[in-house]
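Read through the structure below, which is laid out as structure tokens, and then see the notes.
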Amino acid sequence: MQINDRQTRTIWPAEDNSGDVEILDQTRLPHRIEIVRLRTLDDAVRAIADMQVRGAPLIGVTAAYGVCLALREDASDQALAAASARLLAARPTAVNLAWALKEMAATLQDQPVDARSAVAYARASEMADEDVAACEAIGDHGLEVIRAYAERKGGGRVNVLTHCNAGWLATVDWGTALAPIYKAHRAGLDIHVWVDETRPRNQGASLTAFELGQESVPHTLIADNTGGHLMQHGMVDLVIVGSDRTTRTGDVCNKIGTYLKALAAKDNDVGFYAALPASTLDWTLTDGVAQIPIEQRGAHEVTHITGRTASGEMATIEIAAPGSPAANYAFDVTPARLVTGIITERGVAEASEVGLLGLYPEMAGVDAPKPRFGFMKGRITVPDDFDELGREEIEAMFNGDS
Ligand code: MRU
């Protein structure tokens, strides 16, 4: 996709062949186009945790490059395990992160230590290309969904509502929820997008509206609570969102607020679609509400807001009463019963185990193990034998008391 008419991706190996990796710093968009160089594992962990890169597929590819940055310093088994543990802890909800680390480990484990760094870079860049291809295919399948709505309206304008940013900035290129929209726009369909601002970090306002504008797709930014009203007045034909993790039964975890849009869509007979690649499917989970770890971020993201002042400076200001306690749940889960369809790189599936297995029959043999994490009085508990990370560390991370 384009920024100022220049084709660009969200992450790429530095052109000087240093082995460094470059990213677009998404905390600065839309007001500053800044490229940041990742040189070390620490840089990659920080970029994910601080959301310089964000969006499930992009988090996964960044983690893969993070492994490369670690291995060029030390390619031993211990260093690989330590790097994977640090990256895995950077953000808990998007399963693409664990998926990418497992892919890297599987690729590297049988490689001699002195070959690992080169193999890691090759696999990471292949994963980036695979993500682009998957997202473009999601776009092609989603285009047919939008085309059906356009035909039903006799070629009239199709109004799509989207939440958060599941555009090309959330992936390596094309995006998930926005890929069908870009395809529809390029195919000449009359399409307009309602863009939820997406508090507290405003990915809709600062990223989705920005990238739709760069591609000249008609769109209107709305406050988060507007969607229900628009649906009641026939101003939304369908909702398309991305996902950070979708269970084998079709429960869709996505940015906080998505569930409320799905409820409003159901009440108003508006189609609700989630668009996602295979790397977002978690075949080990059967109950999204009970089993998906929901990231809790710092309260300051709710009490403060960042933007550009009239004099052109970037500034962060406090919007809450000083000292107000605030909670910041970053994601929620939309149960499969509220999802009209799941748009994947292999086609559109019903949001159910049967529907998803119809597109991914090779996953039929994957057992859905009993959840490794338990729940006690509304808190997540981790079994004593869980040694990938420290038990206490994971409990603290998921329960937000770290
Ligand atoms: O917290 P973020 O900005 O990483 O959340 C992103 C989302 O919720 C996206 O909708 C999701 O990752 C799908 S991205 C293609």
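Each chain in the structure tokens gets a letter, A, B and so on, in the order shown; residues start at 1 in every chain, and ligands are counted from 1 in the order they appear.
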
Residues within 7 Å of ligand 1, counting only C-alpha atoms and all ligand atoms, as a ChimeraX atom specification = /A:51,54-57,94,163-167,170-171,175-177,203,241-244,254-255,276,330-331

Each segment 176-244 of chain A residue no farther than 12 Å from segment 31-44 of chain A, nearest pair in Å, only C-alpha atoms, as a tab-separated table:
residue	atom	partner	partner_atom	distance
A:Ala205	CA	A:His31	CA	11.5
A:Ser206	CA	A:His31	CA	8.4
A:Leu207	CA	A:His31	CA	10.2
A:Phe210	CA	A:His31	CA	9.5

Could you save the residues just selected, with all heavy atoms, as an mmCIF file, in the first residue's frame?
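The file below, result-v5.cif, is the result:
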data_model
loop_
_atom_site.group_PDB
_atom_site.id
_atom_site.type_symbol
_atom_site.label_atom_id
_atom_site.label_comp_id
_atom_site.auth_asym_id
_atom_site.auth_seq_id
_atom_site.Cartn_x
_atom_site.Cartn_y
_atom_site.Cartn_z
ATOM 1 N N ALA A 205 -8.830 6.299 14.344
ATOM 2 C CA ALA A 205 -8.608 7.699 13.965
ATOM 3 C C ALA A 205 -7.215 7.901 13.372
ATOM 4 O O ALA A 205 -7.048 8.554 12.342
ATOM 5 C CB ALA A 205 -8.787 8.593 15.191
ATOM 6 N N SER A 206 -6.210 7.321 14.028
ATOM 7 C CA SER A 206 -4.841 7.661 13.610
ATOM 8 C C SER A 206 -4.288 6.725 12.540
ATOM 9 O O SER A 206 -3.376 7.125 11.815
ATOM 10 C CB SER A 206 -3.910 7.699 14.821
ATOM 11 O OG SER A 206 -3.941 6.482 15.497
ATOM 12 N N LEU A 207 -4.826 5.522 12.422
ATOM 13 C CA LEU A 207 -4.249 4.572 11.458
ATOM 14 C C LEU A 207 -5.220 4.225 10.327
ATOM 15 O O LEU A 207 -4.887 4.356 9.157
ATOM 16 C CB LEU A 207 -3.800 3.299 12.189
ATOM 17 C CG LEU A 207 -2.800 3.515 13.332
ATOM 18 C CD1 LEU A 207 -2.493 2.197 14.039
ATOM 19 C CD2 LEU A 207 -1.507 4.156 12.824
ATOM 20 N N PHE A 210 -6.176 7.189 8.285
ATOM 21 C CA PHE A 210 -4.962 7.599 7.551
ATOM 22 C C PHE A 210 -4.747 6.722 6.325
ATOM 23 O O PHE A 210 -4.577 7.220 5.204
ATOM 24 C CB PHE A 210 -3.763 7.511 8.499
ATOM 25 C CG PHE A 210 -2.427 7.637 7.822
ATOM 26 C CD1 PHE A 210 -2.003 8.863 7.317
ATOM 27 C CD2 PHE A 210 -1.597 6.532 7.688
ATOM 28 C CE1 PHE A 210 -0.762 8.981 6.686
ATOM 29 C CE2 PHE A 210 -0.366 6.643 7.069
ATOM 30 C CZ PHE A 210 0.049 7.862 6.569
#

Please provide as a PyMOL selection string all residues within 9 Å of segment 81-83 of chain A, with the sequence filter that same-chain residues fewer than 3 positions apart are discarded (counting only C-alpha atoms).
-> chain A and resi 41+66-67+70-71+76-78+86-88+105+388

Test item: residues at most 10 Å from Ala120 of chain A, only C-alpha atoms, excluding those fewer than 6 positions along its chain, as a list of chain:residue names =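 Those residues are A:Ala64, A:Tyr65, A:Gly66, A:Val67, A:Cys68, A:Leu69, A:Leu71, A:Arg72, A:Ala75, A:Met104, A:Ala105, A:Thr107, A:Leu108, A:Gln111, A:Glu126.
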
Could you pull the residues within 6 Å of segment 183-195 of chain A, counting only C-alpha atoms, minus those fewer than 2 positions along the same chain, as a list in words?
-> Gly139, Leu143, Arg157, Val158, Asn159, Val160, Leu161, Thr162, Pro180, Ile181, Gly204, Pro218, His219, Thr220, Leu221 and Ile222 of chain A

Include all heavy atoms and write out the residues we just selected as a CSV table (one decimal), in the first residue's frame.
chain,number,residue,atom,x,y,z
A,139,GLY,N,-8.4,-10.5,0.8
A,139,GLY,CA,-9.1,-9.4,0.0
A,139,GLY,C,-9.9,-9.9,-1.1
A,139,GLY,O,-11.0,-9.4,-1.4
A,143,LEU,N,-13.8,-9.5,-1.3
A,143,LEU,CA,-14.4,-8.7,-2.4
A,143,LEU,C,-15.7,-9.3,-2.8
A,143,LEU,O,-16.7,-8.6,-3.1
A,143,LEU,CB,-13.4,-8.6,-3.5
A,143,LEU,CG,-14.0,-8.2,-4.9
A,143,LEU,CD1,-14.5,-6.8,-4.8
A,143,LEU,CD2,-12.9,-8.2,-5.9
A,157,ARG,N,-24.3,2.3,-3.2
A,157,ARG,CA,-23.1,2.4,-2.3
A,157,ARG,C,-23.2,1.4,-1.2
A,157,ARG,O,-24.2,1.2,-0.5
A,157,ARG,CB,-23.0,3.8,-1.8
A,157,ARG,CG,-22.1,4.0,-0.6
A,157,ARG,CD,-21.8,5.5,-0.4
A,157,ARG,NE,-20.8,6.0,-1.3
A,157,ARG,CZ,-20.0,7.0,-1.0
A,157,ARG,NH1,-20.1,7.7,0.1
A,157,ARG,NH2,-19.1,7.4,-1.9
A,158,VAL,N,-22.1,0.7,-0.9
A,158,VAL,CA,-22.0,-0.3,0.2
A,158,VAL,C,-21.3,0.4,1.4
A,158,VAL,O,-20.2,0.9,1.2
A,158,VAL,CB,-21.3,-1.5,-0.2
A,158,VAL,CG1,-21.1,-2.5,1.0
A,158,VAL,CG2,-22.0,-2.3,-1.3
A,159,ASN,N,-22.0,0.5,2.5
A,159,ASN,CA,-21.4,1.1,3.7
A,159,ASN,C,-20.9,0.0,4.6
A,159,ASN,O,-21.6,-0.8,5.1
A,159,ASN,CB,-22.4,1.9,4.4
A,159,ASN,CG,-22.7,3.2,3.7
A,159,ASN,OD1,-21.9,4.1,3.5
A,159,ASN,ND2,-23.9,3.3,3.1
A,160,VAL,N,-19.5,0.0,4.9
A,160,VAL,CA,-18.9,-1.0,5.8
A,160,VAL,C,-18.5,-0.2,7.0
A,160,VAL,O,-17.9,0.8,7.0
A,160,VAL,CB,-17.7,-1.6,5.1
A,160,VAL,CG1,-17.0,-2.6,6.0
A,160,VAL,CG2,-18.0,-2.2,3.7
A,161,LEU,N,-18.7,-0.9,8.2
A,161,LEU,CA,-18.2,-0.3,9.4
A,161,LEU,C,-17.0,-1.2,9.9
A,161,LEU,O,-17.1,-2.4,9.8
A,161,LEU,CB,-19.3,-0.2,10.5
A,161,LEU,CG,-18.9,0.4,11.8
A,161,LEU,CD1,-20.0,1.2,12.4
A,161,LEU,CD2,-18.5,-0.7,12.9
A,162,THR,N,-15.9,-0.5,10.3
A,162,THR,CA,-14.8,-1.3,10.8
A,162,THR,C,-14.3,-0.7,12.2
A,162,THR,O,-14.6,0.5,12.5
A,162,THR,CB,-13.7,-1.4,9.8
A,162,THR,OG1,-12.7,-2.4,10.3
A,162,THR,CG2,-12.9,0.0,9.7
A,180,PRO,N,-10.4,-6.5,1.7
A,180,PRO,CA,-11.6,-6.6,0.8
A,180,PRO,C,-12.1,-5.2,0.4
A,180,PRO,O,-12.6,-5.0,-0.7
A,180,PRO,CB,-12.7,-7.3,1.7
A,180,PRO,CG,-11.9,-8.0,2.7
A,180,PRO,CD,-10.7,-7.2,3.0
A,181,ILE,N,-11.9,-4.3,1.3
A,181,ILE,CA,-12.3,-2.9,1.0
A,181,ILE,C,-11.4,-2.3,-0.1
A,181,ILE,O,-11.9,-1.7,-1.1
A,181,ILE,CB,-12.3,-2.0,2.2
A,181,ILE,CG1,-13.5,-2.5,3.1
A,181,ILE,CG2,-12.4,-0.5,1.9
A,181,ILE,CD1,-13.4,-2.1,4.6
A,204,GLY,N,-8.3,3.6,15.0
A,204,GLY,CA,-9.2,4.0,13.9
A,204,GLY,C,-8.9,5.3,13.4
A,204,GLY,O,-8.7,5.6,12.2
A,218,PRO,N,-13.3,6.4,0.1
A,218,PRO,CA,-14.2,7.2,0.9
A,218,PRO,C,-14.5,6.7,2.3
A,218,PRO,O,-14.7,5.5,2.4
A,218,PRO,CB,-15.5,7.2,0.1
A,218,PRO,CG,-15.1,6.8,-1.3
A,218,PRO,CD,-13.9,5.9,-1.1
A,219,HIS,N,-14.4,7.5,3.3
A,219,HIS,CA,-14.5,7.0,4.7
A,219,HIS,C,-15.0,8.2,5.6
A,219,HIS,O,-14.8,9.4,5.2
A,219,HIS,CB,-13.2,6.4,5.2
A,219,HIS,CG,-12.1,7.4,5.3
A,219,HIS,ND1,-11.4,7.8,4.2
A,219,HIS,CD2,-11.6,8.1,6.3
A,219,HIS,CE1,-10.5,8.6,4.6
A,219,HIS,NE2,-10.6,8.9,5.8
A,220,THR,N,-15.5,7.9,6.7
A,220,THR,CA,-15.9,8.9,7.7
A,220,THR,C,-15.6,8.4,9.1
A,220,THR,O,-15.9,7.2,9.4
A,220,THR,CB,-17.5,9.1,7.6
A,220,THR,OG1,-17.9,9.4,6.3
A,220,THR,CG2,-17.9,10.3,8.6
A,221,LEU,N,-14.8,9.2,9.8
A,221,LEU,CA,-14.5,8.8,11.2
A,221,LEU,C,-15.6,9.1,12.1
A,221,LEU,O,-16.3,10.1,12.0
A,221,LEU,CB,-13.3,9.7,11.6
A,221,LEU,CG,-12.6,9.5,13.0
A,221,LEU,CD1,-12.1,8.1,13.1
A,221,LEU,CD2,-11.5,10.5,13.2
A,222,ILE,N,-15.9,8.1,13.0
A,222,ILE,CA,-17.0,8.3,14.0
A,222,ILE,C,-16.5,8.0,15.4
A,222,ILE,O,-15.6,7.2,15.6
A,222,ILE,CB,-18.2,7.4,13.6
A,222,ILE,CG1,-17.8,5.9,13.4
A,222,ILE,CG2,-19.0,7.9,12.4
A,222,ILE,CD1,-18.9,5.0,13.2

Would you mind telling me which residue in A:Trp283, A:Ala124, A:His229, A:Trp99 lies nearest to Ala364 of chain A when using only C-alpha atoms?
->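 The closest residue to Ala364 of chain A is A:Trp283.
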
Near segment 357-361 of chain A, within 9 Å and counting only C-alpha atoms, which residues show up once chain neighbours fewer than 5 positions away are dropped, as JSON, numbers by chain?
-> {"A": [248, 278, 344, 346, 347, 348, 349, 352]}

Using only C-alpha atoms, which residues sit within 7 Å of Asp251 of chain A once same-chain residues fewer than 4 positions away are excluded, as a ChimeraX atom specification?
-> /A:246-247,287-288,333-336

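DSSP on the backbone gives helix (DSSP H, G or I) for these parts of segment 267-330 of chain A: Asp267, Ala278, Ser279, Thr280, Gly288, Val289, Ala290, Gln291, His300, Glu301, Val302 and Thr303 of chain A.
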
Export of the given selection (N, CA and C atoms) as a PDB file, in the first residue's frame:
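Wrote result-v1.pdb, looks like this:
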ATOM      1  N   ASP A 267     -28.770  -7.212  16.348  1.00  0.00           N
ATOM      2  CA  ASP A 267     -30.077  -6.624  16.631  1.00  0.00           C
ATOM      3  C   ASP A 267     -30.670  -5.938  15.412  1.00  0.00           C
ATOM      4  N   ALA A 278      -4.731 -17.774   8.533  1.00  0.00           N
ATOM      5  CA  ALA A 278      -4.633 -19.010   9.329  1.00  0.00           C
ATOM      6  C   ALA A 278      -3.797 -18.810  10.589  1.00  0.00           C
ATOM      7  N   SER A 279      -2.824 -17.908  10.537  1.00  0.00           N
ATOM      8  CA  SER A 279      -1.942 -17.709  11.698  1.00  0.00           C
ATOM      9  C   SER A 279      -2.688 -17.108  12.885  1.00  0.00           C
ATOM     10  N   THR A 280      -3.930 -16.656  12.678  1.00  0.00           N
ATOM     11  CA  THR A 280      -4.722 -16.082  13.774  1.00  0.00           C
ATOM     12  C   THR A 280      -5.658 -17.125  14.398  1.00  0.00           C
ATOM     13  N   GLY A 288     -13.733 -19.008  23.486  1.00  0.00           N
ATOM     14  CA  GLY A 288     -12.946 -17.771  23.461  1.00  0.00           C
ATOM     15  C   GLY A 288     -13.087 -16.940  24.721  1.00  0.00           C
ATOM     16  N   VAL A 289     -14.317 -16.815  25.230  1.00  0.00           N
ATOM     17  CA  VAL A 289     -14.530 -15.954  26.406  1.00  0.00           C
ATOM     18  C   VAL A 289     -13.767 -16.512  27.611  1.00  0.00           C
ATOM     19  N   ALA A 290     -13.790 -17.821  27.774  1.00  0.00           N
ATOM     20  CA  ALA A 290     -13.150 -18.412  28.951  1.00  0.00           C
ATOM     21  C   ALA A 290     -11.642 -18.554  28.788  1.00  0.00           C
ATOM     22  N   GLN A 291     -11.179 -18.756  27.558  1.00  0.00           N
ATOM     23  CA  GLN A 291      -9.804 -19.222  27.402  1.00  0.00           C
ATOM     24  C   GLN A 291      -8.812 -18.210  26.816  1.00  0.00           C
ATOM     25  N   HIS A 300      -2.758   4.835  32.000  1.00  0.00           N
ATOM     26  CA  HIS A 300      -2.487   6.153  31.393  1.00  0.00           C
ATOM     27  C   HIS A 300      -3.005   6.227  29.959  1.00  0.00           C
ATOM     28  N   GLU A 301      -3.182   5.056  29.296  1.00  0.00           N
ATOM     29  CA  GLU A 301      -3.719   5.097  27.924  1.00  0.00           C
ATOM     30  C   GLU A 301      -5.186   5.542  27.921  1.00  0.00           C
ATOM     31  N   VAL A 302      -5.854   5.371  29.079  1.00  0.00           N
ATOM     32  CA  VAL A 302      -7.258   5.783  29.194  1.00  0.00           C
ATOM     33  C   VAL A 302      -7.349   7.222  29.712  1.00  0.00           C
ATOM     34  N   THR A 303      -6.460   7.564  30.625  1.00  0.00           N
ATOM     35  CA  THR A 303      -6.564   8.890  31.272  1.00  0.00           C
ATOM     36  C   THR A 303      -5.889  10.004  30.463  1.00  0.00           C
TER      37      THR A 303
END

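The closest residue to Ile294 of chain A, picked from A:Leu58, A:Ile256, A:Val21, A:Leu238 and counting only C-alpha atoms, is A:Ile256.
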
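All residues within segment 60-247 of chain A that the backbone DSSP calculation assigns to strand (DSSP E or B) are Val158, Asn159, Val160, Leu161, Thr162, Ile191, His192, Val193, Trp194, Val195, Asp196, His219, Thr220, Leu221, Ile222, Leu238, Val239, Ile240, Val241, Arg245, Thr246 and Thr247 of chain A.
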
Prev. selection, N, CA, C and O atoms, output as a PDB file, in the first residue's frame:
ATOM      1  N   VAL A 158     -22.088   0.688  -0.924  1.00  0.00           N
ATOM      2  CA  VAL A 158     -22.018  -0.253   0.197  1.00  0.00           C
ATOM      3  C   VAL A 158     -21.298   0.440   1.352  1.00  0.00           C
ATOM      4  O   VAL A 158     -20.180   0.940   1.196  1.00  0.00           O
ATOM      5  N   ASN A 159     -21.962   0.472   2.510  1.00  0.00           N
ATOM      6  CA  ASN A 159     -21.370   1.093   3.703  1.00  0.00           C
ATOM      7  C   ASN A 159     -20.863   0.010   4.641  1.00  0.00           C
ATOM      8  O   ASN A 159     -21.634  -0.813   5.121  1.00  0.00           O
ATOM      9  N   VAL A 160     -19.544   0.032   4.889  1.00  0.00           N
ATOM     10  CA  VAL A 160     -18.912  -0.962   5.759  1.00  0.00           C
ATOM     11  C   VAL A 160     -18.467  -0.248   7.032  1.00  0.00           C
ATOM     12  O   VAL A 160     -17.880   0.836   6.963  1.00  0.00           O
ATOM     13  N   LEU A 161     -18.731  -0.856   8.182  1.00  0.00           N
ATOM     14  CA  LEU A 161     -18.195  -0.297   9.429  1.00  0.00           C
ATOM     15  C   LEU A 161     -17.027  -1.163   9.880  1.00  0.00           C
ATOM     16  O   LEU A 161     -17.099  -2.400   9.817  1.00  0.00           O
ATOM     17  N   THR A 162     -15.946  -0.531  10.305  1.00  0.00           N
ATOM     18  CA  THR A 162     -14.807  -1.299  10.829  1.00  0.00           C
ATOM     19  C   THR A 162     -14.349  -0.711  12.160  1.00  0.00           C
ATOM     20  O   THR A 162     -14.599   0.463  12.458  1.00  0.00           O
ATOM     21  N   ILE A 191     -17.994   2.200  -2.565  1.00  0.00           N
ATOM     22  CA  ILE A 191     -17.841   1.748  -1.183  1.00  0.00           C
ATOM     23  C   ILE A 191     -17.478   2.914  -0.269  1.00  0.00           C
ATOM     24  O   ILE A 191     -16.752   3.841  -0.673  1.00  0.00           O
ATOM     25  N   HIS A 192     -18.022   2.867   0.934  1.00  0.00           N
ATOM     26  CA  HIS A 192     -17.724   3.901   1.940  1.00  0.00           C
ATOM     27  C   HIS A 192     -17.519   3.197   3.285  1.00  0.00           C
ATOM     28  O   HIS A 192     -18.225   2.240   3.598  1.00  0.00           O
ATOM     29  N   VAL A 193     -16.565   3.679   4.070  1.00  0.00           N
ATOM     30  CA  VAL A 193     -16.214   3.010   5.329  1.00  0.00           C
ATOM     31  C   VAL A 193     -16.490   3.932   6.519  1.00  0.00           C
ATOM     32  O   VAL A 193     -16.004   5.071   6.555  1.00  0.00           O
ATOM     33  N   TRP A 194     -17.271   3.430   7.473  1.00  0.00           N
ATOM     34  CA  TRP A 194     -17.408   4.097   8.773  1.00  0.00           C
ATOM     35  C   TRP A 194     -16.248   3.612   9.651  1.00  0.00           C
ATOM     36  O   TRP A 194     -16.110   2.410   9.888  1.00  0.00           O
ATOM     37  N   VAL A 195     -15.446   4.537  10.139  1.00  0.00           N
ATOM     38  CA  VAL A 195     -14.235   4.172  10.888  1.00  0.00           C
ATOM     39  C   VAL A 195     -14.428   4.501  12.366  1.00  0.00           C
ATOM     40  O   VAL A 195     -14.459   5.676  12.749  1.00  0.00           O
ATOM     41  N   ASP A 196     -14.563   3.475  13.215  1.00  0.00           N
ATOM     42  CA  ASP A 196     -14.635   3.712  14.671  1.00  0.00           C
ATOM     43  C   ASP A 196     -13.306   4.309  15.150  1.00  0.00           C
ATOM     44  O   ASP A 196     -12.236   3.764  14.854  1.00  0.00           O
ATOM     45  N   HIS A 219     -14.368   7.527   3.289  1.00  0.00           N
ATOM     46  CA  HIS A 219     -14.545   7.050   4.662  1.00  0.00           C
ATOM     47  C   HIS A 219     -14.959   8.211   5.564  1.00  0.00           C
ATOM     48  O   HIS A 219     -14.757   9.376   5.218  1.00  0.00           O
ATOM     49  N   THR A 220     -15.533   7.862   6.713  1.00  0.00           N
ATOM     50  CA  THR A 220     -15.934   8.873   7.695  1.00  0.00           C
ATOM     51  C   THR A 220     -15.554   8.355   9.075  1.00  0.00           C
ATOM     52  O   THR A 220     -15.917   7.235   9.447  1.00  0.00           O
ATOM     53  N   LEU A 221     -14.843   9.172   9.822  1.00  0.00           N
ATOM     54  CA  LEU A 221     -14.454   8.809  11.187  1.00  0.00           C
ATOM     55  C   LEU A 221     -15.625   9.068  12.127  1.00  0.00           C
ATOM     56  O   LEU A 221     -16.286  10.113  12.042  1.00  0.00           O
ATOM     57  N   ILE A 222     -15.903   8.097  13.002  1.00  0.00           N
ATOM     58  CA  ILE A 222     -17.004   8.280  13.961  1.00  0.00           C
ATOM     59  C   ILE A 222     -16.514   7.971  15.376  1.00  0.00           C
ATOM     60  O   ILE A 222     -15.590   7.174  15.562  1.00  0.00           O
ATOM     61  N   LEU A 238     -22.699  -3.774   6.257  1.00  0.00           N
ATOM     62  CA  LEU A 238     -21.997  -4.875   6.919  1.00  0.00           C
ATOM     63  C   LEU A 238     -20.841  -4.336   7.747  1.00  0.00           C
ATOM     64  O   LEU A 238     -20.356  -3.225   7.509  1.00  0.00           O
ATOM     65  N   VAL A 239     -20.446  -5.143   8.732  1.00  0.00           N
ATOM     66  CA  VAL A 239     -19.287  -4.818   9.576  1.00  0.00           C
ATOM     67  C   VAL A 239     -18.189  -5.802   9.195  1.00  0.00           C
ATOM     68  O   VAL A 239     -18.455  -6.999   9.026  1.00  0.00           O
ATOM     69  N   ILE A 240     -16.957  -5.294   9.025  1.00  0.00           N
ATOM     70  CA  ILE A 240     -15.811  -6.208   8.844  1.00  0.00           C
ATOM     71  C   ILE A 240     -14.738  -5.793   9.845  1.00  0.00           C
ATOM     72  O   ILE A 240     -14.336  -4.623   9.891  1.00  0.00           O
ATOM     73  N   VAL A 241     -14.303  -6.735  10.651  1.00  0.00           N
ATOM     74  CA  VAL A 241     -13.235  -6.471  11.628  1.00  0.00           C
ATOM     75  C   VAL A 241     -12.121  -7.494  11.423  1.00  0.00           C
ATOM     76  O   VAL A 241     -12.290  -8.489  10.725  1.00  0.00           O
ATOM     77  N   ARG A 245      -7.138 -13.364  17.746  1.00  0.00           N
ATOM     78  CA  ARG A 245      -7.144 -14.804  17.990  1.00  0.00           C
ATOM     79  C   ARG A 245      -8.580 -15.290  17.804  1.00  0.00           C
ATOM     80  O   ARG A 245      -9.512 -14.718  18.366  1.00  0.00           O
ATOM     81  N   THR A 246      -8.736 -16.324  17.006  1.00  0.00           N
ATOM     82  CA  THR A 246     -10.065 -16.897  16.775  1.00  0.00           C
ATOM     83  C   THR A 246      -9.996 -18.383  17.103  1.00  0.00           C
ATOM     84  O   THR A 246      -9.079 -19.083  16.663  1.00  0.00           O
ATOM     85  N   THR A 247     -10.943 -18.849  17.899  1.00  0.00           N
ATOM     86  CA  THR A 247     -10.905 -20.247  18.328  1.00  0.00           C
ATOM     87  C   THR A 247     -11.366 -21.171  17.202  1.00  0.00           C
ATOM     88  O   THR A 247     -11.990 -20.721  16.234  1.00  0.00           O
TER      89      THR A 247
END

What does the distance from atom CA of Ala299 of chain A to atom CA of Asn96 of chain A come to in Å, to one decimal?
-> 25.3 Å

Report the distance between atom CA of Asp173 of chain A and atom CA of Arg9 of chain A in Å, rounded to one decimal place.
->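 Rounded to one decimal, the two atoms are 5.6 Å apart.
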
Which distance in Å separates atom CA of Arg91 of chain A and atom CA of Ile48 of chain A, to one decimal?
->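 Atom-to-atom, atom CA of Arg91 of chain A to atom CA of Ile48 of chain A, that is 7.1 Å.
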